[in-house]
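What's in run_19.txt: compact mmCIF, C-alpha atoms
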# COMPACT_ATOMS: atom_id res chain seq x y z
CA MET A 24 26.16 -10.05 1.06
CA TYR A 25 23.23 -9.48 -1.27
CA THR A 26 23.89 -8.25 -4.80
CA ALA A 27 20.89 -6.99 -6.73
CA SER A 28 20.02 -8.40 -10.13
CA ASP A 29 21.37 -6.50 -13.11
CA LYS A 30 17.98 -6.98 -14.77
CA ARG A 31 15.91 -5.46 -11.97
CA TYR A 32 14.54 -2.68 -14.16
CA ASP A 33 13.72 -4.79 -17.21
CA ILE A 34 10.16 -5.81 -16.34
CA MET A 35 8.68 -3.29 -13.92
CA LYS A 36 6.61 -0.34 -15.09
CA TYR A 37 7.05 2.99 -13.28
CA ASN A 38 4.30 5.57 -12.95
CA ARG A 39 4.45 9.23 -12.03
CA CYS A 40 2.76 10.32 -8.78
CA GLY A 41 0.23 12.71 -10.19
CA LYS A 42 1.99 15.75 -11.59
CA SER A 43 5.06 15.40 -9.39
CA GLY A 44 8.51 14.26 -10.44
CA LEU A 45 8.35 11.13 -8.27
CA MET A 46 7.98 7.77 -9.99
CA LEU A 47 6.77 4.64 -8.20
CA PRO A 48 6.77 1.05 -9.41
CA ALA A 49 3.35 -0.14 -10.53
CA VAL A 50 3.66 -2.84 -7.86
CA SER A 51 5.00 -1.91 -4.42
CA LEU A 52 5.71 -4.09 -1.38
CA GLY A 53 3.80 -3.40 1.81
CA LEU A 54 5.23 -4.57 5.14
CA TRP A 55 1.90 -4.53 6.98
CA HIS A 56 2.00 -8.32 7.43
CA ASN A 57 4.85 -10.86 7.65
CA PHE A 58 7.55 -8.52 8.98
CA GLY A 59 6.81 -8.58 12.70
CA ASP A 60 8.38 -10.23 15.73
CA ASP A 61 7.00 -13.62 14.74
CA ALA A 62 8.48 -13.55 11.23
CA ASP A 63 11.57 -15.44 10.07
CA MET A 64 14.44 -13.12 9.16
CA SER A 65 15.66 -15.24 6.26
CA ASN A 66 12.18 -15.16 4.72
CA MET A 67 11.86 -11.40 5.25
CA GLU A 68 15.20 -10.93 3.50
CA ALA A 69 14.12 -13.17 0.63
CA LEU A 70 10.91 -11.17 0.20
CA CYS A 71 12.81 -7.88 0.01
CA PHE A 72 15.46 -9.29 -2.32
CA THR A 73 12.87 -10.82 -4.67
CA ALA A 74 10.95 -7.57 -4.74
CA PHE A 75 13.97 -5.42 -5.55
CA ASP A 76 15.36 -7.93 -8.07
CA ASN A 77 12.07 -7.54 -9.93
CA GLY A 78 12.05 -3.75 -9.93
CA ILE A 79 9.95 -3.14 -6.81
CA THR A 80 11.79 -0.14 -5.44
CA HIS A 81 9.10 0.99 -3.02
CA PHE A 82 8.83 -0.47 0.49
CA ASP A 83 5.88 0.80 2.51
CA LEU A 84 5.75 0.75 6.32
CA ALA A 85 4.01 2.44 9.24
CA ASN A 86 5.00 3.05 12.82
CA ASN A 87 2.53 0.45 14.14
CA TYR A 88 3.24 -2.38 11.68
CA GLY A 89 4.18 -5.63 13.36
CA PRO A 90 3.27 -7.29 15.59
CA SER A 91 4.50 -5.87 17.87
CA ALA A 92 4.11 -2.22 16.87
CA GLY A 93 7.39 -0.92 15.47
CA SER A 94 8.85 -4.35 14.75
CA ALA A 95 8.37 -4.15 10.98
CA GLU A 96 10.47 -0.98 10.89
CA ILE A 97 13.12 -2.60 13.10
CA ASN A 98 13.32 -5.68 10.90
CA PHE A 99 13.38 -3.68 7.69
CA GLY A 100 16.10 -1.51 9.19
CA LYS A 101 18.22 -4.61 9.79
CA ILE A 102 17.73 -5.74 6.19
CA LEU A 103 18.57 -2.28 4.95
CA LYS A 104 21.73 -2.07 7.06
CA ASN A 105 22.97 -5.56 6.26
CA HIS A 106 22.03 -5.83 2.60
CA LEU A 107 20.23 -2.92 0.92
CA LYS A 108 22.25 0.05 2.14
CA PRO A 109 24.32 0.29 -1.09
CA TYR A 110 21.03 0.72 -2.95
CA ARG A 111 19.45 3.35 -0.69
CA ASP A 112 19.28 5.93 -3.47
CA GLU A 113 17.32 3.45 -5.61
CA LEU A 114 14.72 2.86 -2.90
CA ILE A 115 11.52 4.62 -1.95
CA ILE A 116 10.90 4.05 1.76
CA SER A 117 7.67 5.31 3.27
CA THR A 118 6.20 5.28 6.74
CA LYS A 119 3.13 6.65 8.48
CA ALA A 120 1.74 7.83 11.79
CA GLY A 121 -1.86 8.25 12.84
CA TYR A 122 -3.02 5.12 14.63
CA SER A 123 -2.36 4.27 18.26
CA MET A 124 1.36 3.74 18.87
CA TRP A 125 2.14 4.41 22.54
CA ASP A 126 0.23 5.02 25.76
CA GLY A 127 -1.00 8.42 26.82
CA PRO A 128 -2.48 11.38 24.95
CA TYR A 129 0.49 11.96 22.62
CA GLY A 130 0.72 8.62 20.80
CA ASP A 131 -2.32 8.67 18.52
CA TRP A 132 -4.25 10.59 15.85
CA GLY A 133 -2.83 13.72 14.21
CA SER A 134 -1.30 16.26 16.56
CA ARG A 135 1.96 17.97 15.70
CA LYS A 136 3.43 16.47 18.87
CA TYR A 137 2.57 12.91 17.84
CA LEU A 138 3.48 13.06 14.16
CA LEU A 139 6.92 14.59 14.55
CA ALA A 140 7.84 12.43 17.56
CA SER A 141 6.68 9.33 15.69
CA LEU A 142 8.75 10.18 12.63
CA ASP A 143 11.86 10.52 14.78
CA GLN A 144 11.14 7.12 16.32
CA SER A 145 10.59 5.54 12.90
CA LEU A 146 13.88 6.88 11.58
CA SER A 147 15.65 5.54 14.65
CA ARG A 148 14.08 2.08 14.28
CA MET A 149 15.08 1.88 10.61
CA GLY A 150 18.49 3.47 11.13
CA ILE A 151 18.06 6.04 8.37
CA ASP A 152 18.23 9.83 8.16
CA TYR A 153 15.07 10.36 6.10
CA VAL A 154 12.09 8.62 4.55
CA ASP A 155 11.03 9.32 1.02
CA ILE A 156 7.33 9.66 1.89
CA PHE A 157 5.82 10.43 5.30
CA TYR A 158 2.06 9.93 5.59
CA HIS A 159 -0.59 10.97 8.01
CA HIS A 160 -2.32 7.59 8.39
CA ARG A 161 -5.95 8.61 9.01
CA MET A 162 -8.17 11.64 9.29
CA ASP A 163 -8.38 13.15 12.78
CA PRO A 164 -11.80 14.67 13.59
CA ASN A 165 -10.49 16.54 16.65
CA THR A 166 -7.20 18.10 15.54
CA PRO A 167 -7.28 21.11 13.21
CA LEU A 168 -6.29 20.03 9.72
CA GLU A 169 -3.91 23.00 9.61
CA GLU A 170 -1.97 21.54 12.54
CA THR A 171 -1.67 18.07 11.02
CA MET A 172 -0.66 19.38 7.60
CA GLY A 173 1.77 21.79 9.24
CA ALA A 174 3.48 18.83 10.90
CA LEU A 175 3.85 17.09 7.52
CA ALA A 176 5.30 20.28 6.07
CA GLN A 177 7.80 20.54 8.93
CA ALA A 178 8.81 16.90 8.43
CA VAL A 179 9.73 17.77 4.86
CA SER A 180 11.35 21.14 5.59
CA SER A 181 13.52 19.49 8.26
CA GLY A 182 14.87 17.03 5.70
CA LYS A 183 13.44 14.02 7.54
CA ALA A 184 11.03 13.33 4.67
CA LEU A 185 11.24 14.16 0.98
CA TYR A 186 7.52 14.08 0.22
CA ALA A 187 4.26 14.17 2.16
CA GLY A 188 1.30 11.86 1.76
CA ILE A 189 -2.06 11.22 3.37
CA SER A 190 -3.84 7.92 3.91
CA ASN A 191 -7.49 6.98 4.45
CA TYR A 192 -8.75 10.46 3.61
CA ASP A 193 -11.91 11.23 1.65
CA GLY A 194 -12.21 13.58 -1.32
CA PRO A 195 -13.44 16.73 0.44
CA THR A 196 -10.79 16.49 3.18
CA LEU A 197 -8.13 15.82 0.54
CA ARG A 198 -9.03 19.08 -1.16
CA ARG A 199 -8.72 21.03 2.09
CA ALA A 200 -5.44 19.33 2.95
CA CYS A 201 -4.03 20.02 -0.50
CA ALA A 202 -4.88 23.71 -0.25
CA ILE A 203 -3.05 23.97 3.08
CA LEU A 204 0.02 22.08 1.87
CA ASP A 205 0.16 24.12 -1.33
CA GLU A 206 0.18 27.30 0.74
CA LEU A 207 3.00 25.83 2.84
CA ARG A 208 4.85 24.86 -0.37
CA CYS A 209 5.07 21.29 0.84
CA PRO A 210 5.53 18.60 -1.85
CA PHE A 211 2.40 16.55 -1.19
CA VAL A 212 2.30 13.89 -3.90
CA ILE A 213 0.21 10.85 -2.99
CA ASN A 214 -2.82 9.35 -1.28
CA GLN A 215 -2.87 5.81 0.13
CA ASN A 216 -6.30 4.18 0.31
CA LYS A 217 -8.00 0.80 0.15
CA TYR A 218 -9.21 -0.09 -3.34
CA SER A 219 -10.20 -3.31 -5.04
CA ILE A 220 -12.86 -4.83 -7.26
CA PHE A 221 -14.82 -5.45 -4.05
CA ASP A 222 -14.13 -2.09 -2.38
CA ARG A 223 -14.90 1.04 -4.43
CA THR A 224 -14.90 3.49 -1.51
CA ILE A 225 -12.46 5.91 -3.15
CA GLU A 226 -14.90 6.27 -6.03
CA GLU A 227 -17.86 6.78 -3.73
CA ASN A 228 -16.23 9.33 -1.40
CA GLY A 229 -14.72 11.46 -4.16
CA LEU A 230 -11.08 10.64 -3.39
CA LYS A 231 -10.30 9.20 -6.80
CA GLU A 232 -11.87 12.09 -8.71
CA SER A 233 -10.32 14.72 -6.44
CA SER A 234 -6.86 13.18 -6.71
CA ALA A 235 -6.99 13.27 -10.50
CA GLU A 236 -8.19 16.88 -10.56
CA LEU A 237 -5.50 17.98 -8.08
CA GLY A 238 -2.70 16.08 -9.81
CA LYS A 239 -1.98 13.73 -6.90
CA GLY A 240 -1.13 10.05 -7.09
CA ILE A 241 -3.00 7.15 -5.51
CA ILE A 242 -1.42 3.99 -4.12
CA CYS A 243 -3.88 1.24 -3.25
CA PHE A 244 -3.66 -1.17 -0.34
CA SER A 245 -5.66 -4.41 0.02
CA PRO A 246 -6.00 -4.72 -3.78
CA LEU A 247 -6.78 -8.44 -3.35
CA ALA A 248 -9.39 -7.79 -0.66
CA GLN A 249 -7.41 -9.63 2.02
CA GLY A 250 -7.09 -12.69 -0.18
CA MET A 251 -10.68 -12.91 -1.39
CA LEU A 252 -9.52 -11.99 -4.91
CA THR A 253 -7.20 -14.98 -5.15
CA ASN A 254 -7.73 -18.70 -5.68
CA ARG A 255 -7.60 -19.20 -1.90
CA TYR A 256 -11.36 -19.39 -1.36
CA LEU A 257 -12.66 -20.86 -4.61
CA ASN A 258 -13.76 -24.01 -2.84
CA GLY A 259 -14.76 -22.43 0.45
CA ILE A 260 -12.65 -21.60 3.50
CA PRO A 261 -9.59 -23.83 4.06
CA GLU A 262 -9.08 -25.03 7.61
CA ASP A 263 -5.59 -23.50 7.72
CA SER A 264 -6.84 -20.15 6.43
CA ARG A 265 -5.93 -17.02 8.38
CA ILE A 266 -9.68 -16.48 8.77
CA ARG A 267 -9.91 -19.69 10.78
CA THR A 268 -6.63 -19.27 12.64
CA SER A 269 -6.90 -15.60 13.58
CA GLY A 270 -9.79 -13.76 11.92
CA VAL A 271 -7.97 -10.48 12.55
CA PHE A 272 -7.83 -9.10 9.01
CA LEU A 273 -10.70 -10.92 7.33
CA ASN A 274 -13.73 -12.19 9.20
CA GLU A 275 -15.35 -15.45 8.17
CA SER A 276 -18.70 -13.67 7.97
CA ALA A 277 -17.39 -11.71 4.96
CA LEU A 278 -17.26 -14.91 2.90
CA THR A 279 -20.96 -15.39 2.38
CA GLU A 280 -22.30 -17.77 -0.25
CA GLN A 281 -23.01 -14.73 -2.43
CA ARG A 282 -19.41 -13.54 -2.09
CA LEU A 283 -18.02 -17.00 -2.84
CA ALA A 284 -20.19 -17.16 -5.95
CA GLN A 285 -18.83 -13.77 -7.04
CA ILE A 286 -15.26 -14.96 -6.50
CA ARG A 287 -15.87 -18.04 -8.66
CA ARG A 288 -17.41 -16.02 -11.49
CA LEU A 289 -14.54 -13.55 -11.42
CA ASN A 290 -12.10 -16.44 -11.46
CA ASP A 291 -13.81 -17.81 -14.59
CA LEU A 292 -13.41 -14.43 -16.29
CA ALA A 293 -9.76 -14.26 -15.28
CA ALA A 294 -9.17 -17.70 -16.80
CA GLN A 295 -10.73 -16.51 -20.06
CA ARG A 296 -8.20 -13.66 -20.04
CA GLY A 297 -5.34 -16.08 -19.41
CA GLN A 298 -4.79 -14.74 -15.91
CA THR A 299 -5.15 -15.89 -12.35
CA LEU A 300 -7.82 -14.13 -10.31
CA ALA A 301 -5.12 -12.23 -8.39
CA GLU A 302 -3.47 -11.07 -11.60
CA MET A 303 -6.78 -9.85 -13.00
CA ALA A 304 -7.66 -8.05 -9.75
CA LEU A 305 -4.36 -6.15 -9.84
CA SER A 306 -4.62 -5.52 -13.59
CA TRP A 307 -8.11 -4.09 -13.10
CA ILE A 308 -6.66 -1.46 -10.76
CA LEU A 309 -3.54 -0.74 -12.81
CA ARG A 310 -5.52 -0.20 -16.02
CA ASP A 311 -6.56 3.16 -14.56
CA ASP A 312 -4.24 6.12 -15.19
CA ALA A 313 -5.42 7.66 -11.90
CA ILE A 314 -3.67 4.87 -9.97
CA THR A 315 0.07 5.13 -9.41
CA SER A 316 0.78 1.82 -7.70
CA VAL A 317 -0.74 -1.17 -5.92
CA LEU A 318 0.61 -2.38 -2.59
CA ILE A 319 0.94 -6.12 -2.28
CA GLY A 320 1.72 -8.14 0.81
CA ALA A 321 3.52 -11.46 0.63
CA SER A 322 4.51 -14.35 2.83
CA LYS A 323 6.26 -16.22 0.00
CA THR A 324 8.58 -14.98 -2.73
CA SER A 325 6.43 -16.75 -5.34
CA GLN A 326 3.52 -14.47 -4.43
CA ILE A 327 5.61 -11.44 -5.40
CA THR A 328 6.63 -12.81 -8.79
CA ASP A 329 3.09 -14.06 -9.44
CA ASN A 330 1.59 -10.64 -8.67
CA ILE A 331 4.04 -8.88 -10.96
CA GLY A 332 2.48 -11.00 -13.71
CA ALA A 333 -0.46 -8.58 -13.62
CA LEU A 334 1.64 -6.13 -15.63
CA ARG A 335 1.50 -8.40 -18.69
CA ASN A 336 -2.11 -7.51 -19.43
CA THR A 337 -3.80 -4.39 -18.08
CA VAL A 338 -6.13 -3.91 -21.06
CA PHE A 339 -9.81 -4.71 -20.58
CA SER A 340 -12.61 -4.66 -23.10
CA ASP A 341 -15.77 -2.70 -22.30
CA ASP A 342 -17.64 -5.98 -22.02
CA GLU A 343 -15.11 -7.32 -19.48
CA LEU A 344 -15.37 -4.18 -17.36
CA ARG A 345 -19.17 -4.31 -17.45
CA LEU A 346 -19.10 -7.97 -16.43
CA ILE A 347 -16.73 -7.28 -13.52
CA ASP A 348 -19.08 -4.56 -12.29
CA GLU A 349 -22.10 -6.79 -12.76
CA ILE A 350 -20.51 -9.59 -10.77
CA SER A 351 -18.90 -7.59 -7.97
CA LEU A 352 -21.55 -4.94 -7.37
CA SER A 353 -24.59 -7.20 -7.46

Represent the structure contained in this file as structure tokens.
Amino acid sequence: MYTASDKRYDIMKYNRCGKSGLMLPAVSLGLWHNFGDDADMSNMEALCFTAFDNGITHFDLANNYGPSAGSAEINFGKILKNHLKPYRDELIISTKAGYSMWDGPYGDWGSRKYLLASLDQSLSRMGIDYVDIFYHHRMDPNTPLEETMGALAQAVSSGKALYAGISNYDGPTLRRACAILDELRCPFVINQNKYSIFDRTIEENGLKESSAELGKGIICFSPLAQGMLTNRYLNGIPEDSRIRTSGVFLNESALTEQRLAQIRRLNDLAAQRGQTLAEMALSWILRDDAITSVLIGASKTSQITDNIGALRNTVFSDDELRLIDEISLS
């Protein structure tokens, strides 16, 4: 039986989600990869234990995480039941619905029917009574926003979720969603969006600015740009790379000679700061008070402890920030 480290809160920094009372660890663990049917249970357990032993209290899932869809929730539910149940009140567990999950017209997008049915299924797969955060996973151009936000509000009022969140929204839609949820007195606290040195979309679409003005948190996924902001590709594309073996999450065409040159220059800057490229990439995000947490994925426990190293130095000089922009935006 797993026993958590007595020192699990000694290193991690915790940030408030906007103006809410909810605190999240600066580094959270995402179960998007490495928790599906093809994953080894002992390794999945080790990843969760290492995360929690180092103060990562937040475990982020979605209904379709796998493969196959739903399997990440099933596997996490087993780990929770067998090992983490005594620590449930120390954990933040989130899940989402919004992408295709089951056949037919009721298993996709943002209808009330889909969201509430999906939440019930997620709770059943994980074997829990509630999630801490329930997200709508993507904007739905065909369902009235009032309907989607009403479903999130009902999820909270029913006690099946403590807080509401939205993912992959832009700034203008965030503002409309926030107004609806405020009227419904629903505790909407956080946005989940892609953000990295190489992907500044939340700055361009107004999400970052709107979140700060509205007092909402931001949690960032793909902070390492699917591995591009690590030492993995400094010397080109390894033959055993996931790009070569699957190409599902990062296409080989993304690693142009220009991009590889950028990666090498950023790596040189990170070395000057006494960091790995991955540490600097995470530190660059966490330096910003508008960001609540970064979501990391891991296949090895060492990746978790290495990424937590980003917390040791989140201070950048103006010259360093200018250089990062010059390199990555050129």

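The coordinates place CA of Gln249 in chain A at 23.6 Å from CA of Gly78 in chain A.
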
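Of the listed residues A:Asp329, A:Asn191, A:Leu139, A:Arg199, the one whose atoms come nearest to Leu168 in chain A is A:Arg199, with distances taken using all atoms listed in the file.
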
(request) Write out as a ChimeraX atom specification which residues come within 12 Å of Glu113 in chain A when counting all atoms listed in the file, dropping same-chain ones fewer than 6 positions away. (result) /A:27,31-32,46-48,75-76,78-82,107,155

(message) If we count all atoms listed in the file and set the cut-off at 10 Å, which residues sit around Asp60 in chain A, ignoring sequence neighbours fewer than 4 positions away in its own chain? Please answer as a count of residues only.
(response) 10

(message) Would you pick out the contacts of range 172-189 of chain A at 6 Å or less, using only C-alpha atoms, so that residues sharing its chain but fewer than 4 positions from it are not included, and give the list as a VMD selection string?
(response) chain A and resid 135 153 to 159 209 to 211 213 to 214

(request) Do a neighbour search on Met149 in chain A at 9 Å with only C-alpha atoms, toss out local chain neighbours closer than 2 positions, and write the hits as an MDAnalysis selection string. (result) chainID A and resid 96:101 103:104 144:147 151:152

(message) Which residue is closest to Glu349 in chain A? Choose from A:Ser141, A:Gln285, A:Thr171, A:Thr324 and count all atoms listed in the file.
(response) A:Gln285

(request) Within 7 Å of Ala85 in chain A, counting all atoms listed in the file, which residues show up once you throw out same-chain ones fewer than 2 positions away? Write them as a PyMOL selection string, please. (result) chain A and resi 87-88+118-120

If you keep C-alpha atoms, can you produce a file of those selected residues as an mmCIF file, in the frame of the given file?
data_model
loop_
_atom_site.group_PDB
_atom_site.id
_atom_site.type_symbol
_atom_site.label_atom_id
_atom_site.label_comp_id
_atom_site.auth_asym_id
_atom_site.auth_seq_id
_atom_site.Cartn_x
_atom_site.Cartn_y
_atom_site.Cartn_z
ATOM 1 C CA ASN A 87 2.530 0.450 14.140
ATOM 2 C CA TYR A 88 3.240 -2.380 11.680
ATOM 3 C CA THR A 118 6.200 5.280 6.740
ATOM 4 C CA LYS A 119 3.130 6.650 8.480
ATOM 5 C CA ALA A 120 1.740 7.830 11.790
#

(message) Using only C-alpha atoms, list the residues that have an atom at most 9 Å from (-13.7, 16.4, 7.5), coordinates as in the file, as JSON, numbers by chain.
(response) {"A": [162, 163, 164, 168, 192, 193, 195, 196, 197, 199]}

(message) (19.6, -11.8, -5.1) in this file's frame - what residues fall within 8 Å of it? Use all atoms listed in the file and give the answer as a PyMOL selection string.
(response) chain A and resi 25-28+72-73+76

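When CA of Leu305 in chain A is paired with CA of Thr253 in chain A, their separation reads 10.4 Å.
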
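Using only C-alpha atoms, the nearest neighbour of Ser316 in chain A within the list A:Ile241, A:Leu70, A:Ile116, A:Ile220 is A:Ile241.
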